[in-house]
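Source file: coords_0.txt. Holds: compact mmCIF, C-alpha atoms.
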# COMPACT_ATOMS: atom_id res chain seq x y z
CA MET A 378 0.00 0.00 0.00
CA THR A 379 1.02 3.63 -0.53
CA ILE A 380 0.73 6.25 2.21
CA ILE A 381 1.12 9.98 1.64
CA CYS A 382 2.65 12.13 4.39
CA GLN A 383 0.28 15.06 4.90
CA SER A 384 3.14 17.28 6.02
CA CYS A 385 5.72 16.93 3.24
CA SER A 386 3.82 14.79 0.63
CA THR A 387 6.44 12.04 0.75
CA ARG A 388 5.09 8.73 -0.62
CA LEU A 389 5.71 5.81 1.74
CA GLN A 390 5.53 2.27 0.38
CA ILE A 391 4.30 -0.29 2.92
CA ASP A 392 4.30 -4.04 2.27
CA ASP A 393 0.67 -5.20 2.67
CA ASP A 394 1.81 -8.51 4.13
CA LYS A 395 3.82 -6.78 6.85
CA ALA A 396 1.32 -4.04 7.68
CA PRO A 397 -0.64 -4.57 10.93
CA ALA A 398 -4.38 -5.16 10.79
CA GLY A 399 -6.63 -2.16 11.32
CA ALA A 400 -5.42 1.38 11.90
CA PHE A 401 -1.76 2.11 12.61
CA THR A 402 0.74 4.96 12.49
CA VAL A 403 4.14 5.35 10.84
CA ARG A 404 6.78 8.06 11.13
CA CYS A 405 7.77 9.85 7.95
CA PRO A 406 11.54 9.35 7.40
CA LYS A 407 11.83 12.75 5.70
CA CYS A 408 10.10 15.18 8.06
CA GLY A 409 9.39 13.03 11.14
CA ASN A 410 5.64 13.64 10.99
CA THR A 411 3.34 10.88 12.33
CA VAL A 412 1.11 9.53 9.56
CA ASN A 413 -2.14 7.69 10.31
CA ALA A 414 -2.98 4.73 8.07
CA SER A 415 -5.27 1.73 7.90
CA VAL A 416 -5.46 -1.56 6.00
CA GLY A 417 -8.44 -3.25 4.38
CA ASN A 418 -10.51 -0.26 3.26
CA PRO A 419 -9.93 0.56 -0.42
CA ALA A 420 -12.10 3.66 -0.14
CA LEU A 421 -9.54 5.25 2.16
CA ASP A 422 -6.45 4.49 0.04
CA GLN A 423 -4.62 7.82 0.09
CA SER A 424 -2.38 7.05 -2.88
CA ALA A 425 -4.58 8.98 -5.29
CA LEU A 426 -4.79 12.03 -3.07
CA GLY A 427 -1.21 13.12 -3.70
CA VAL A 428 -1.07 12.77 -7.47
CA GLY A 429 -3.20 15.76 -8.51
CA GLY A 430 -5.84 15.48 -11.21
CA SER A 431 -7.02 12.05 -12.20
CA PRO A 432 -6.43 10.91 -15.79
CA SER A 433 -10.11 9.97 -15.76
CA THR A 434 -11.09 13.63 -15.40
CA GLU A 435 -8.82 14.90 -18.15
CA HIS A 436 -8.65 12.37 -21.00
CA PRO A 437 -10.54 13.58 -24.11
CA ARG A 438 -11.82 10.11 -24.99
CA TYR A 439 -14.73 10.60 -22.60
CA VAL A 440 -17.63 12.31 -24.32
CA GLN A 441 -20.22 12.09 -21.52
CA PRO A 442 -18.98 14.09 -18.51
CA THR A 443 -21.76 13.24 -16.06
CA ALA A 444 -23.33 9.92 -15.12
CA PRO A 445 -26.64 9.12 -16.81
CA VAL A 446 -29.89 8.83 -14.88
CA TYR A 447 -30.78 5.17 -14.43
CA GLN A 448 -33.96 3.99 -16.12
CA THR A 449 -35.50 0.55 -15.69
CA SER A 450 -36.19 -1.31 -18.91
CA ASN A 451 -39.97 -1.07 -18.45
CA VAL A 452 -40.03 2.71 -18.03
CA ASP A 453 -40.25 5.12 -20.96
CA SER A 454 -38.10 8.04 -19.82
CA SER A 455 -39.56 10.32 -22.50
CA SER A 456 -43.04 9.94 -21.03
CA GLU A 457 -42.04 10.56 -17.42
CA GLN A 458 -42.68 14.22 -16.65
CA ILE A 459 -41.54 15.58 -13.29
CA PRO A 460 -42.95 19.05 -12.53
CA SER A 461 -40.51 21.73 -11.52
CA GLU A 462 -40.21 22.47 -7.82
CA ASP A 463 -41.31 26.09 -8.34
CA ALA A 464 -44.47 24.94 -10.12
CA LEU A 465 -45.31 22.52 -7.33
CA ARG A 466 -44.67 25.15 -4.66
CA ALA A 467 -47.13 27.41 -6.46
CA LEU A 468 -49.65 24.57 -6.59
CA LEU A 469 -49.26 23.92 -2.88
CA SER A 470 -49.78 27.60 -2.19
CA LEU A 471 -53.06 27.47 -4.08
CA LEU A 472 -54.14 24.29 -2.33
CA GLY A 473 -53.41 25.69 1.10
CA LYS A 474 -52.24 23.85 4.18
CA GLY A 475 -54.34 20.77 3.51
CA GLY A 476 -52.68 20.23 0.17
CA SER A 477 -49.23 20.77 1.67
CA ASN A 478 -49.77 18.06 4.24
CA SER A 479 -51.07 15.61 1.67
CA LEU A 480 -48.04 16.10 -0.55
CA THR A 481 -45.45 15.68 2.18
CA ASN A 482 -44.07 12.24 3.03
CA PRO A 483 -43.54 11.02 6.62
CA SER A 484 -39.88 12.12 6.63
CA GLY A 485 -40.89 15.74 6.14
CA ARG A 486 -39.59 15.91 2.57
CA PRO A 487 -41.89 17.08 -0.24
CA ALA A 488 -43.42 13.94 -1.74
CA TRP A 489 -42.56 14.93 -5.32
CA ARG A 490 -38.85 15.47 -4.64
CA LYS A 491 -36.86 12.29 -5.15
CA ARG A 492 -33.53 11.88 -3.42
CA LYS A 493 -30.66 12.12 -5.89
CA ALA A 494 -28.30 9.17 -5.46
CA LEU A 495 -24.97 8.47 -7.16
CA VAL A 496 -23.85 4.84 -7.47
CA CYS A 497 -20.08 4.29 -7.68
CA THR A 498 -19.39 0.55 -7.68
CA ALA A 499 -17.76 -2.21 -9.68
CA PRO A 500 -19.89 -3.15 -12.75
CA GLN A 501 -21.32 -6.35 -11.25
CA TYR A 502 -23.18 -4.45 -8.50
CA ARG A 503 -24.52 -1.46 -10.45
CA GLU A 504 -27.73 -2.92 -11.84
CA THR A 505 -28.81 -4.45 -8.52
CA ILE A 506 -28.24 -1.25 -6.57
CA ALA A 507 -29.60 1.13 -9.19
CA ARG A 508 -32.77 -0.87 -9.76
CA SER A 509 -33.58 -1.26 -6.06
CA LEU A 510 -33.12 2.48 -5.44
CA SER A 511 -35.02 3.52 -8.56
CA GLU A 512 -37.96 1.34 -7.53
CA ASN A 513 -37.97 3.08 -4.14
CA ASP A 514 -38.34 6.67 -5.40
CA TYR A 515 -34.69 7.62 -5.80
CA GLN A 516 -33.38 9.49 -8.83
CA VAL A 517 -30.33 7.36 -9.54
CA TYR A 518 -27.14 8.29 -11.39
CA VAL A 519 -24.80 5.41 -12.25
CA ALA A 520 -21.14 6.36 -12.74
CA GLU A 521 -19.10 4.11 -15.01
CA ASP A 522 -15.77 5.80 -14.29
CA THR A 523 -14.06 8.42 -12.15
CA ARG A 524 -14.76 11.27 -14.54
CA GLN A 525 -18.50 10.65 -14.50
CA ALA A 526 -18.54 10.32 -10.72
CA VAL A 527 -16.63 13.54 -10.05
CA GLU A 528 -18.49 15.61 -12.64
CA THR A 529 -21.88 14.34 -11.43
CA MET A 530 -21.02 15.24 -7.83
CA ARG A 531 -20.07 18.75 -8.94
CA ALA A 532 -23.00 19.27 -11.30
CA ASN A 533 -25.85 17.90 -9.18
CA GLN A 534 -26.98 18.57 -5.65
CA LEU A 535 -26.76 14.96 -4.58
CA GLU A 536 -28.13 13.69 -1.29
CA LEU A 537 -26.74 10.16 -1.37
CA VAL A 538 -23.44 8.70 -2.62
CA LEU A 539 -22.84 4.95 -2.50
CA LEU A 540 -19.21 3.90 -2.94
CA GLU A 541 -17.71 0.42 -3.30
CA GLY A 542 -13.95 0.06 -3.00
CA GLN A 543 -13.38 -1.46 -6.46
CA PHE A 544 -15.06 1.38 -8.33
CA ASP A 545 -12.91 2.22 -11.39
CA ALA A 546 -9.96 0.52 -9.70
CA ALA A 547 -7.61 1.18 -12.62
CA GLU A 548 -7.93 4.92 -12.05
CA GLN A 549 -8.18 4.75 -8.22
CA GLY A 550 -11.78 5.94 -8.51
CA ALA A 551 -12.72 5.27 -4.88
CA ALA A 552 -9.95 7.54 -3.61
CA PHE A 553 -11.05 10.40 -5.87
CA VAL A 554 -14.69 10.08 -4.79
CA VAL A 555 -13.57 10.19 -1.15
CA ARG A 556 -11.45 13.25 -1.85
CA GLU A 557 -14.36 15.02 -3.55
CA ILE A 558 -16.48 14.46 -0.45
CA ASN A 559 -13.73 15.38 2.01
CA VAL A 560 -13.24 18.83 0.45
CA LEU A 561 -16.89 19.79 0.92
CA ARG A 562 -17.63 22.60 3.34
CA PRO A 563 -19.32 21.42 6.58
CA ALA A 564 -22.69 22.86 5.54
CA GLN A 565 -22.51 20.92 2.26
CA ARG A 566 -21.22 17.75 3.87
CA ARG A 567 -24.16 17.65 6.28
CA ARG A 568 -26.52 17.55 3.30
CA LEU A 569 -24.86 14.48 1.79
CA PHE A 570 -25.31 10.94 3.10
CA PHE A 571 -22.19 8.90 2.27
CA VAL A 572 -22.47 5.09 2.22
CA LEU A 573 -19.58 2.64 1.98
CA ILE A 574 -20.44 -0.73 0.46
CA SER A 575 -17.98 -3.26 1.87
CA PRO A 576 -17.28 -6.98 1.47
CA SER A 577 -16.02 -7.28 5.05
CA LEU A 578 -17.57 -4.64 7.34
CA ARG A 579 -20.87 -5.32 9.08
CA THR A 580 -24.00 -3.53 7.88
CA MET A 581 -25.00 -0.58 10.09
CA ASP A 582 -21.81 -0.87 12.16
CA ALA A 583 -21.63 2.66 13.58
CA HIS A 584 -18.06 2.23 14.85
CA ALA A 585 -16.84 1.10 11.42
CA ALA A 586 -18.66 4.01 9.79
CA PHE A 587 -16.95 6.44 12.16
CA LEU A 588 -13.49 4.98 11.51
CA THR A 589 -13.97 5.10 7.73
CA ASN A 590 -15.45 8.62 7.78
CA VAL A 591 -18.77 7.65 6.21
CA ASN A 592 -22.37 7.93 7.39
CA ALA A 593 -23.26 4.27 7.02
CA VAL A 594 -21.78 0.92 6.03
CA VAL A 595 -23.61 -1.76 4.03
CA ASN A 596 -22.16 -5.22 3.51
CA LEU A 597 -22.32 -6.63 -0.02
CA GLN A 598 -24.32 -9.60 1.27
CA ASP A 599 -27.12 -7.24 2.35
CA LEU A 600 -27.68 -5.43 -0.96
CA GLY A 601 -31.07 -7.11 -1.28
CA ASP A 602 -32.24 -5.10 1.75
CA LEU A 603 -30.54 -1.86 0.70
CA PRO A 604 -33.64 0.38 0.46
CA ARG A 605 -34.80 -0.64 3.93
CA ILE A 606 -31.32 -0.20 5.39
CA LEU A 607 -31.04 3.27 3.88
CA GLU A 608 -34.50 4.21 5.12
CA ILE A 609 -33.49 3.44 8.69
CA ALA A 610 -30.03 5.00 8.45
CA ILE A 611 -31.22 8.24 6.81
CA ARG A 612 -34.11 8.57 9.24
CA GLU A 613 -31.68 8.38 12.16
CA TYR A 614 -29.40 10.88 10.43
CA ASN A 615 -32.27 13.33 9.88
CA GLU A 616 -33.34 12.96 13.48
CA MET A 617 -29.83 13.85 14.64
CA TYR A 618 -29.94 17.08 12.62
CA ARG A 619 -33.63 17.80 13.13
CA GLU A 620 -33.21 20.86 15.36
CA LEU A 621 -30.41 22.31 13.23
CA ASN A 622 -32.39 21.82 10.02
CA HIS A 623 -35.40 23.46 11.64
CA ALA A 624 -33.31 26.45 12.74
CA LEU A 625 -31.85 26.80 9.23
CA ASN A 626 -35.25 26.22 7.58
CA LEU A 627 -33.93 23.17 5.73
CA SER A 628 -35.92 20.08 4.84
CA PRO A 629 -34.55 16.65 5.80
CA ILE A 630 -32.33 14.97 3.22
Take the structure in the file and write it out as structure tokens.
Amino acid sequence: MTIICQSCSTRLQIDDDKAPAGAFTVRCPKCGNTVNASVGNPALDQSALGVGGSPSTEHPRYVQPTAPVYQTSNVDSSSEQIPSEDALRALLSLLGKGGSNSLTNPSGRPAWRKRKALVCTAPQYRETIARSLSENDYQVYVAEDTRQAVETMRANQLELVLLEGQFDAAEQGAAFVVREINVLRPAQRRRLFFVLISPSLRTMDAHAAFLTNVNAVVNLQDLGDLPRILEIAIREYNEMYRELNHALNLSPI
């Protein structure tokens, strides 16, 4: 594994077989700074963070900068019309309070506003995840590479990002997605629910989520229950920020 010293940017090569399990620290031989590291979580591989721009975000061969919106095979996207939020606000104003209550879901979000979710996984998991979310009222973007993931995160006000460690492994895609999230301002970061999909960590393990700097962890074996898991995790997250969102006049994510 490769570790980058945050003080002097020296790249430290560590033999995976000799590295201790879990989190550990090493001392930079150049500046003496203590560097924190961990093994077994590809999403936190820091090797991509010290190399600047990703080739995936610069190469001209890519002609579609953002990830496409996922559509199930039995849905005609041309016939699906989603009213603008301004038009629906005007409609609610005309309907009065009774109409507002009827068009608000139990979480407090407007019923017409789907959560925008970005799926960043290895190809074999994309269809399963995208379909399950789309069938549960998410607007789903599926990134095929690092460029699409980064550009979609910058171009859309996403509320959910799901990352699996082998996403665009050739271009270190997971590390660049993590970096894009880590540079968000606190107010922006609070409005984004970040999920790590892992082959080894336990689903809804709060301690593992804290150590990996994500909001929730979902094991690959539990993808069949993903919508229900997210419903519980996001509800708890919204409850934690309920008073702050109320003070800032923000709806739940």
Take the point (-30.5, 6.1, -13.6) as written in the file and pick out every residue within 7 Å of it, counting only C-alpha atoms; give the list as a list in words. Pro445, Val446, Tyr447, Gln448, Ala507, Gln516, Val517, Tyr518 and Val519 of chain A
Could you work out how far atom CA of Ile558 of chain A lies from atom CA of Phe571 of chain A, giving the answer in Å with one decimal? 8.4 Å
Give as an NGL selection string every residue, naming chains and numbers as the document does, that has an atom within 8 Å of (-28.2, -1.1, 3.9), counting all atoms listed in the file. :A and (580-581 or 593-596 or 599-600 or 602-607 or 610)
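Using only C-alpha atoms, the nearest neighbour of Arg524 of chain A within the list A:Leu389, A:Leu578, A:Cys497, A:Leu540 is A:Cys497.
The space separating atom CA of Phe570 of chain A from atom CA of Asn413 of chain A comes to 24.5 Å.
The spacing separating atom CA of Thr387 of chain A from atom CA of Lys407 of chain A amounts to 7.4 Å.
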If the box runs along x, y and z of the file and leaves 5 Å on each side of segment 536-539 of chain A, what are its centre and edge lengths in Å, one decimal, as JSON?
{"center_x": -25.5, "center_y": 9.3, "center_z": -2.0, "size_x": 15.3, "size_y": 18.7, "size_z": 11.3}
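The shell of residues at most 9 Å from segment 529-539 of chain A, with all atoms listed in the file counted and near chain neighbours (fewer than 6 positions) removed, consists of A:Pro442, A:Thr443, A:Ala444, A:Pro445, A:Arg492, A:Lys493, A:Ala494, A:Leu495, A:Val496, A:Cys497, A:Thr498, A:Tyr518, A:Ala520, A:Val554, A:Glu557, A:Ile558, A:Arg568, A:Leu569, A:Phe570, A:Phe571, A:Val572, A:Leu573, A:Ile574, A:Ile630.
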Here is a test: counting all atoms listed in the file, which residue of A:Gly601, A:Arg612, A:Arg388, A:Asp522 is nearest to Cys408 of chain A? A:Arg388
